[in-house]
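Data first, discussion second: the structure below is written as structure tokens.
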Amino acid sequence: MTLQDWGAIGELVGGLAVIVTLIYLATQLRQTNKAIQSSSFHEVQNSLPYVNNWIISDISMARIWRIGRDDPEQLSEDEFMQFSFFILSTFHVMETIFMQNEMGTVAPRLWNAERSSIDYIFNSPGGQY
């Protein structure tokens with residue numbers, strides 16, 4: 001075998017190694033993307049109960065939410081502040097879901113489901129206040 005033959009074999013082996021490496025990297029990239037999506041979904045799923053538990057665990061907050069949603073002028077100044085911060089917390093969670101949907105790291109069906117909650121809040125008297 002001549003030196004040129006060895007060089008051709010080396011180029012062939014090198015080309016195959018590049019192809020195998022690209023396939024490996026593509027597989028790793030897909031797995032990483034799935035892990036990111038799973039992590040994002042888990043993070044969002046952990047945020048939603050936090051907001052909901054605020055109402056579930058505190059009957060006075062449930063009252064503030066109900067009155068603030070339907071007729072915010074009936075709330076005291078302090079209650080209105082609680083209502084406002086609850087709305088703000090809720091929208092921060094929804095904003096996170098929206099941004100992750102835009103980046104493709106969360107399933108669109110999750111954003112679509114939560115979007116109806118945003119519409120409900122915005123269309124209530126307290127959401128327009």
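Starting from 1 in every chain, residues are counted up; chains themselves are A, B, ... following the order of the structure tokens, and ligands are numbered from 1 as listed.
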
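When the distance limit is 9 Å and only C-alpha atoms are what count, the residues near range 83-90 of chain A, minus those fewer than 4 positions from it on the same chain, are A:Leu48, A:Val51, A:Asn52, A:Trp54, A:Met61, A:Ile64, A:Trp65, A:Gly68, A:Arg69, A:Pro72, A:Leu75, A:Asp78, A:Glu79, A:Met94, A:Glu95, A:Ile118, A:Ile121, A:Gly126, A:Gly127.
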
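Omitting range 32-47 of chain A and its sequence neighbours fewer than 3 positions away, and counting only C-alpha atoms, the residues within 6 Å are A:Leu29, A:Tyr50, A:Thr105, A:Val106.
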
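Closest approach to Phe91 in chain A from the set A:Phe122, A:Tyr24, A:Tyr129, A:Trp6 is made by A:Phe122, with distances taken over only C-alpha atoms.
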